[in-house]
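Novice: First, the structure itself, so that you have it in front of you.
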Amino acid sequence: MQGKIFHQTSWATTERGTPLELYKKTHSSASLSERPILFIGGVHGDEPEGVRLAEELLAWLQHEESQNSEKIRPWILIPCLNPDGYSKNQRTNAAGVDLNRNFPSKDWSSEAKAPRYNPGPSPGSEKEVQALVKLIEDEKPQLIVHFHSWEPCVVYTGAPGKPAAEILASGTTYECREDIGYPTPGSLGQFGWMEHQIPVICIEEQEHMALDKVWPHFQKGLTTLLMGKS
């Protein structure tokens, strides 16, 4: 426990046994019944921008929770869902599976247009995905936000997520849109919205962006969202 933040050093493990870390706000005196916002970095191991954004957000939360805890909405943060892939700078996990095609959504497909999009042998086959699915079902977040890098945009799945997506894009010049432009069967967005009606937002930073520029791009949107302002 650190202040008003609960830290699990091994909330779950990968297939290889690598621990997955999780941080969580312990309570919200403003609204004990408000469901948390779930933030996730490192779904794809070759997107360090997403891990850096999660780490910078965590550093901001650690400071703010010690100063202004009552003003911050409930939250959960996973800095890196795919540490095995991240350590090798590869998109997939240690088993060669694209975690963002492995979620057990209705549209999961065994087909992949390239090996880097390998959806796995069956929906939800990977331990990282199984752990996140259970977390979502247990915690019932009101919103899921995951951090990636490709071409700059903020994509929301589920119309109720549009206002939050617009907030997250507000400090950038990045387009806010409802579709990334190609099918993503078995993705976190499809699972969250299709199976649980939880809106999911995918932040896409510019690929190969200087890491020290990632947090400044999204600081305004993320902090505004967490402080409950519009």
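Going through the structure tokens in order, the chains are called A, B, and so on, while each chain numbers its residues from 1 and the ligands are numbered from 1 in the order shown.
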According to DSSP computed on the backbone, where in segment 26-228 of chain A is there strand (DSSP E or B)? Give the residues as a PyMOL selection string.
Specialist: chain A and resi 37-40+75-78+143-150+153-157+175-177+200-206
Novice: Suppose we keep C-alpha atoms; can you now write the selection as a PDB file, in the first residue's frame?
Specialist:
```pdb
ATOM      1  CA  ILE A  37     -11.618   3.736 -15.168  1.00  0.00           C
ATOM      2  CA  LEU A  38      -9.205   0.994 -16.260  1.00  0.00           C
ATOM      3  CA  PHE A  39      -5.945   2.057 -17.954  1.00  0.00           C
ATOM      4  CA  ILE A  40      -3.660  -0.452 -19.699  1.00  0.00           C
ATOM      5  CA  TRP A  75      -9.020   4.084 -11.322  1.00  0.00           C
ATOM      6  CA  ILE A  76      -7.015   0.924 -12.010  1.00  0.00           C
ATOM      7  CA  LEU A  77      -3.756   0.931 -13.959  1.00  0.00           C
ATOM      8  CA  ILE A  78      -1.746  -1.901 -15.521  1.00  0.00           C
ATOM      9  CA  LEU A 143     -14.453   2.817 -19.162  1.00  0.00           C
ATOM     10  CA  ILE A 144     -11.330   1.068 -20.484  1.00  0.00           C
ATOM     11  CA  VAL A 145      -8.447   3.051 -21.981  1.00  0.00           C
ATOM     12  CA  HIS A 146      -5.447   1.292 -23.515  1.00  0.00           C
ATOM     13  CA  PHE A 147      -2.274   2.909 -24.835  1.00  0.00           C
ATOM     14  CA  HIS A 148      -0.708   2.034 -28.200  1.00  0.00           C
ATOM     15  CA  SER A 149       1.356   3.562 -31.006  1.00  0.00           C
ATOM     16  CA  TRP A 150       0.765   3.442 -34.728  1.00  0.00           C
ATOM     17  CA  CYS A 153      -5.600   9.035 -33.347  1.00  0.00           C
ATOM     18  CA  VAL A 154      -7.959   8.347 -30.460  1.00  0.00           C
ATOM     19  CA  VAL A 155     -10.419   5.565 -31.274  1.00  0.00           C
ATOM     20  CA  TYR A 156     -13.499   4.697 -29.245  1.00  0.00           C
ATOM     21  CA  THR A 157     -15.584   1.515 -29.410  1.00  0.00           C
ATOM     22  CA  GLU A 175      -8.342  12.806 -34.762  1.00  0.00           C
ATOM     23  CA  CYS A 176     -11.003  11.297 -32.518  1.00  0.00           C
ATOM     24  CA  ARG A 177     -12.913   8.594 -34.377  1.00  0.00           C
ATOM     25  CA  VAL A 200     -13.190   1.135 -24.793  1.00  0.00           C
ATOM     26  CA  ILE A 201     -10.808   3.851 -25.966  1.00  0.00           C
ATOM     27  CA  CYS A 202      -7.589   3.111 -27.810  1.00  0.00           C
ATOM     28  CA  ILE A 203      -5.023   5.916 -27.703  1.00  0.00           C
ATOM     29  CA  GLU A 204      -2.654   5.651 -30.668  1.00  0.00           C
ATOM     30  CA  GLU A 205       0.458   7.791 -30.306  1.00  0.00           C
ATOM     31  CA  GLN A 206       2.673   8.408 -33.310  1.00  0.00           C
TER      32      GLN A 206
END
```
Novice: I need the helix (DSSP H, G or I) residues of segment 2-160 of chain A per DSSP on the backbone, written as number ranges by chain.
Specialist: A: 48-71, 83-88, 99-101, 115-117, 127-139, 159-160
Novice: Rounded to one decimal in Å, what is the spacing between atom CA of Leu53 of chain A and atom CA of Gly124 of chain A?
Specialist: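 Computing it gives 25.9 Å between the two atoms.
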Novice: Write out, as a Markdown table, each residue of segment 76-137 of chain A that has an atom at most 9 Å from segment 48-52 of chain A, together with the closest pair of atoms and their distance in Å to one decimal, counting only C-alpha atoms, rows going by chain and rising number.
Specialist:
```
| residue | atom | partner | partner_atom | distance |
| --- | --- | --- | --- | --- |
| A:Pro79 | CA | A:Val51 | CA | 6.1 |
| A:Cys80 | CA | A:Val51 | CA | 6.0 |
| A:Tyr86 | CA | A:Pro48 | CA | 7.5 |
| A:Asn89 | CA | A:Pro48 | CA | 8.2 |
```
Novice: Neighbours of Arg16 of chain A within 12 Å (only C-alpha atoms; same-chain residues fewer than 4 positions away dropped), as a VMD selection string?
Specialist: chain A and resid 12 20 82 to 85 93 to 95 126 to 128
Novice: Extract, using only C-alpha atoms, all DNA, RNA and protein residues at most 12 Å from Gln197 of chain A, discarding same-chain residues fewer than 4 positions from it, and format them as a short mmCIF file (atom, residue, chain, number, x, y, z; two decimals) with C-alpha atoms, in the first residue's frame.
Specialist:
```
data_model
loop_
_atom_site.label_atom_id
_atom_site.label_comp_id
_atom_site.auth_asym_id
_atom_site.auth_seq_id
_atom_site.Cartn_x
_atom_site.Cartn_y
_atom_site.Cartn_z
CA SER A 105 -15.46 -11.58 -28.14
CA ILE A 136 -12.94 -6.63 -16.08
CA GLU A 137 -15.67 -9.01 -14.94
CA LYS A 140 -16.81 -3.78 -13.92
CA PRO A 141 -14.98 -0.61 -15.01
CA GLN A 142 -17.06 2.19 -16.46
CA LEU A 143 -14.45 2.82 -19.16
CA ILE A 144 -11.33 1.07 -20.48
CA THR A 157 -15.58 1.51 -29.41
CA GLY A 158 -19.11 2.08 -28.13
CA ALA A 159 -20.87 5.41 -28.67
CA PRO A 160 -21.01 6.22 -24.91
CA GLY A 161 -17.21 6.46 -25.00
CA LEU A 188 -10.05 -5.51 -26.33
CA GLY A 189 -12.40 -2.94 -27.83
CA GLN A 190 -14.63 -5.59 -29.34
CA PHE A 191 -14.65 -7.62 -26.12
CA GLY A 192 -15.33 -4.71 -23.79
CA TRP A 193 -18.17 -3.30 -25.83
#
```
Novice: Within 12 Å of segment 180-184 of chain A, which residues of segment 75-171 of chain A come that close, and what is the closest atom pair and distance in Å for each? Count only C-alpha atoms and give it as a Markdown table.
Specialist:
```
| residue | atom | partner | partner_atom | distance |
| --- | --- | --- | --- | --- |
| A:Asp98 | CA | A:Thr184 | CA | 11.1 |
| A:Leu99 | CA | A:Thr184 | CA | 11.5 |
| A:Asn100 | CA | A:Thr184 | CA | 8.1 |
| A:Arg101 | CA | A:Thr184 | CA | 6.9 |
| A:Asn102 | CA | A:Thr184 | CA | 10.2 |
| A:Phe103 | CA | A:Thr184 | CA | 10.5 |
| A:Ser105 | CA | A:Thr184 | CA | 10.6 |
| A:Lys106 | CA | A:Thr184 | CA | 11.8 |
| A:Asp107 | CA | A:Thr184 | CA | 8.8 |
| A:Trp108 | CA | A:Thr184 | CA | 8.7 |
| A:Ser109 | CA | A:Thr184 | CA | 9.4 |
| A:Ser110 | CA | A:Thr184 | CA | 11.9 |
| A:Glu111 | CA | A:Thr184 | CA | 11.1 |
| A:Ala112 | CA | A:Thr184 | CA | 10.2 |
| A:Lys113 | CA | A:Pro183 | CA | 10.8 |
| A:Tyr117 | CA | A:Thr184 | CA | 9.6 |
| A:Asn118 | CA | A:Thr184 | CA | 11.7 |
| A:Pro119 | CA | A:Thr184 | CA | 10.3 |
| A:Trp150 | CA | A:Ile180 | CA | 10.5 |
| A:Glu151 | CA | A:Ile180 | CA | 9.8 |
| A:Pro152 | CA | A:Ile180 | CA | 10.5 |
| A:Cys153 | CA | A:Ile180 | CA | 8.3 |
| A:Val154 | CA | A:Ile180 | CA | 8.6 |
| A:Val155 | CA | A:Ile180 | CA | 6.2 |
| A:Tyr156 | CA | A:Ile180 | CA | 8.7 |
| A:Thr157 | CA | A:Ile180 | CA | 9.5 |
```
Novice: Could those selected residues go to a file with N, CA and C atoms, as a short mmCIF file (atom, residue, chain, number, x, y, z; two decimals), in the first residue's frame?
Specialist:
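Listed below is the output, selection10.cif:
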```cif
data_model
loop_
_atom_site.label_atom_id
_atom_site.label_comp_id
_atom_site.auth_asym_id
_atom_site.auth_seq_id
_atom_site.Cartn_x
_atom_site.Cartn_y
_atom_site.Cartn_z
N ASP A 98 -0.86 -12.36 -30.59
CA ASP A 98 -1.25 -10.96 -30.48
C ASP A 98 -2.36 -10.87 -29.44
N LEU A 99 -2.05 -10.34 -28.28
CA LEU A 99 -3.05 -10.29 -27.20
C LEU A 99 -4.29 -9.51 -27.62
N ASN A 100 -4.12 -8.53 -28.49
CA ASN A 100 -5.26 -7.71 -28.90
C ASN A 100 -6.06 -8.34 -30.04
N ARG A 101 -5.85 -9.62 -30.26
CA ARG A 101 -6.72 -10.42 -31.15
C ARG A 101 -7.18 -11.69 -30.44
N ASN A 102 -6.86 -11.82 -29.16
CA ASN A 102 -7.12 -13.06 -28.43
C ASN A 102 -8.30 -12.97 -27.47
N PHE A 103 -8.92 -11.79 -27.35
CA PHE A 103 -10.02 -11.64 -26.40
C PHE A 103 -11.25 -12.43 -26.86
N SER A 105 -14.29 -12.32 -27.66
CA SER A 105 -15.46 -11.58 -28.14
C SER A 105 -16.20 -12.41 -29.18
N LYS A 106 -17.43 -12.04 -29.46
CA LYS A 106 -18.26 -12.80 -30.39
C LYS A 106 -17.63 -12.88 -31.77
N ASP A 107 -16.82 -11.89 -32.12
CA ASP A 107 -16.26 -11.86 -33.47
C ASP A 107 -14.85 -12.44 -33.56
N TRP A 108 -14.37 -13.09 -32.47
CA TRP A 108 -13.02 -13.68 -32.53
C TRP A 108 -12.88 -14.54 -33.77
N SER A 109 -11.72 -14.45 -34.41
CA SER A 109 -11.48 -15.22 -35.63
C SER A 109 -10.12 -15.89 -35.54
N SER A 110 -10.02 -17.10 -36.07
CA SER A 110 -8.75 -17.82 -36.09
C SER A 110 -7.85 -17.36 -37.23
N GLU A 111 -8.39 -16.52 -38.12
CA GLU A 111 -7.62 -16.06 -39.27
C GLU A 111 -6.76 -14.86 -38.89
N ALA A 112 -5.59 -14.77 -39.52
CA ALA A 112 -4.68 -13.65 -39.30
C ALA A 112 -4.04 -13.27 -40.63
N LYS A 113 -4.00 -11.96 -40.91
CA LYS A 113 -3.44 -11.53 -42.19
C LYS A 113 -1.92 -11.59 -42.19
N TYR A 117 -0.24 -10.82 -36.17
CA TYR A 117 -1.63 -10.68 -35.72
C TYR A 117 -2.20 -12.02 -35.27
N ASN A 118 -1.34 -12.99 -35.00
CA ASN A 118 -1.78 -14.34 -34.61
C ASN A 118 -2.77 -14.27 -33.44
N PRO A 119 -4.02 -14.72 -33.63
CA PRO A 119 -5.04 -14.60 -32.57
C PRO A 119 -4.96 -15.69 -31.51
N TRP A 150 0.90 3.83 -33.32
CA TRP A 150 0.76 3.44 -34.73
C TRP A 150 0.75 4.72 -35.54
N GLU A 151 -0.44 5.23 -35.84
CA GLU A 151 -0.56 6.58 -36.40
C GLU A 151 -1.50 7.35 -35.49
N PRO A 152 -1.24 8.64 -35.31
CA PRO A 152 -1.93 9.39 -34.25
C PRO A 152 -3.45 9.42 -34.41
N CYS A 153 -4.15 8.95 -33.39
CA CYS A 153 -5.60 9.03 -33.35
C CYS A 153 -6.07 8.55 -31.98
N VAL A 154 -7.31 8.85 -31.66
CA VAL A 154 -7.96 8.35 -30.46
C VAL A 154 -9.25 7.68 -30.93
N VAL A 155 -9.32 6.36 -30.73
CA VAL A 155 -10.42 5.57 -31.27
C VAL A 155 -11.29 5.05 -30.14
N TYR A 156 -12.59 5.21 -30.28
CA TYR A 156 -13.50 4.70 -29.25
C TYR A 156 -14.39 3.61 -29.83
N THR A 157 -14.65 2.58 -29.05
CA THR A 157 -15.58 1.51 -29.41
C THR A 157 -16.75 1.59 -28.44
#
```
Novice: Name all residues at most 9 Å from Ser170 of chain A (count only C-alpha atoms; drop same-chain ones fewer than 3 positions away) and give them as an NGL selection string.
Specialist: :A and (165-167 or 173-174 or 218 or 220-221)
Novice: Please report the interatomic distance between atom CA of Gly171 of chain A and atom CA of Ile5 of chain A in Å with one decimal.
Specialist: 26.5 Å
Novice: Between A:Leu168, A:Val129, A:Leu22, A:Ala114, single out the one closest to Gly186 of chain A, counting only C-alpha atoms.
Specialist: A:Val129
Novice: Quick one: which segment 187-230 of chain A residues come within 12 Å of segment 60-67 of chain A, and what is the nearest atom pair for each with the distance in Å to one decimal, counting only C-alpha atoms, rows ordered by chain and ascending number, as JSON lines?
Specialist:
```
{"residue": "A:Trp215", "atom": "CA", "partner": "A:Trp60", "partner_atom": "CA", "distance": 10.1}
{"residue": "A:Pro216", "atom": "CA", "partner": "A:Trp60", "partner_atom": "CA", "distance": 11.8}
{"residue": "A:Gln219", "atom": "CA", "partner": "A:Trp60", "partner_atom": "CA", "distance": 9.1}
{"residue": "A:Lys220", "atom": "CA", "partner": "A:Trp60", "partner_atom": "CA", "distance": 11.6}
{"residue": "A:Leu222", "atom": "CA", "partner": "A:Trp60", "partner_atom": "CA", "distance": 10.1}
{"residue": "A:Thr223", "atom": "CA", "partner": "A:Trp60", "partner_atom": "CA", "distance": 8.6}
{"residue": "A:Leu226", "atom": "CA", "partner": "A:Leu61", "partner_atom": "CA", "distance": 9.3}
{"residue": "A:Met227", "atom": "CA", "partner": "A:Glu64", "partner_atom": "CA", "distance": 10.1}
```
Novice: Just the selected residues (C-alpha atoms), exported as a tab-separated table (two decimals), in the first residue's frame, please.
Specialist:
```
chain	number	residue	atom	x	y	z
A	215	TRP	CA	3.04	12.39	-21.74
A	216	PRO	CA	2.90	16.07	-22.73
A	219	GLN	CA	-1.45	14.97	-19.99
A	220	LYS	CA	-4.29	17.45	-20.41
A	222	LEU	CA	-5.89	12.18	-19.05
A	223	THR	CA	-5.80	14.51	-16.06
A	226	LEU	CA	-9.48	11.68	-14.00
A	227	MET	CA	-10.38	14.91	-12.25
```
Novice: Counting only C-alpha atoms, figure out which residue out of A:Pro74, A:Thr224, A:His196, A:Pro104 gets nearest to Pro36 of chain A.
Specialist: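 Smallest distance to Pro36 of chain A is found for A:Pro74.
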Novice: Pick from A:Glu55, A:Gly96, A:Gly120, A:Ser125: nearest to Val214 of chain A, with only C-alpha atoms counted?
Specialist: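 Closest candidate: A:Glu55.
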Novice: So the first atom is atom CA of Lys24 of chain A and the second is atom CA of His7 of chain A; what is the distance between them in Å, to one decimal place?
Specialist: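 Separation between atom CA of Lys24 of chain A and atom CA of His7 of chain A: 6.5 Å.
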Novice: Please identify all polymer residues within 7 Å of Gln8 of chain A, counting only C-alpha atoms, omitting same-chain residues fewer than 3 positions from it, and present them as number ranges by chain.
Specialist: A: 11, 21-23
Novice: Got time to write the residues from that selection, C-alpha atoms, as a JSON list (two decimals), in the first residue's frame?
Specialist:
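Output (out.json):
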```json
[["chain", "number", "residue", "atom", "x", "y", "z"],
["A", 11, "TRP", "CA", -1.52, -9.40, -9.76],
["A", 21, "GLU", "CA", 1.82, -5.37, -11.92],
["A", 22, "LEU", "CA", -1.40, -3.55, -11.07],
["A", 23, "TYR", "CA", -2.08, -0.27, -9.27]]
```
Novice: For Glu15 of chain A, which residue among A:Leu57, A:Ala131, A:Leu225, A:Ala210 is the nearest when counting only C-alpha atoms?
Specialist: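 Going through A:Leu57, A:Ala131, A:Leu225, A:Ala210 one by one, the smallest distance to Glu15 of chain A is for A:Ala131.
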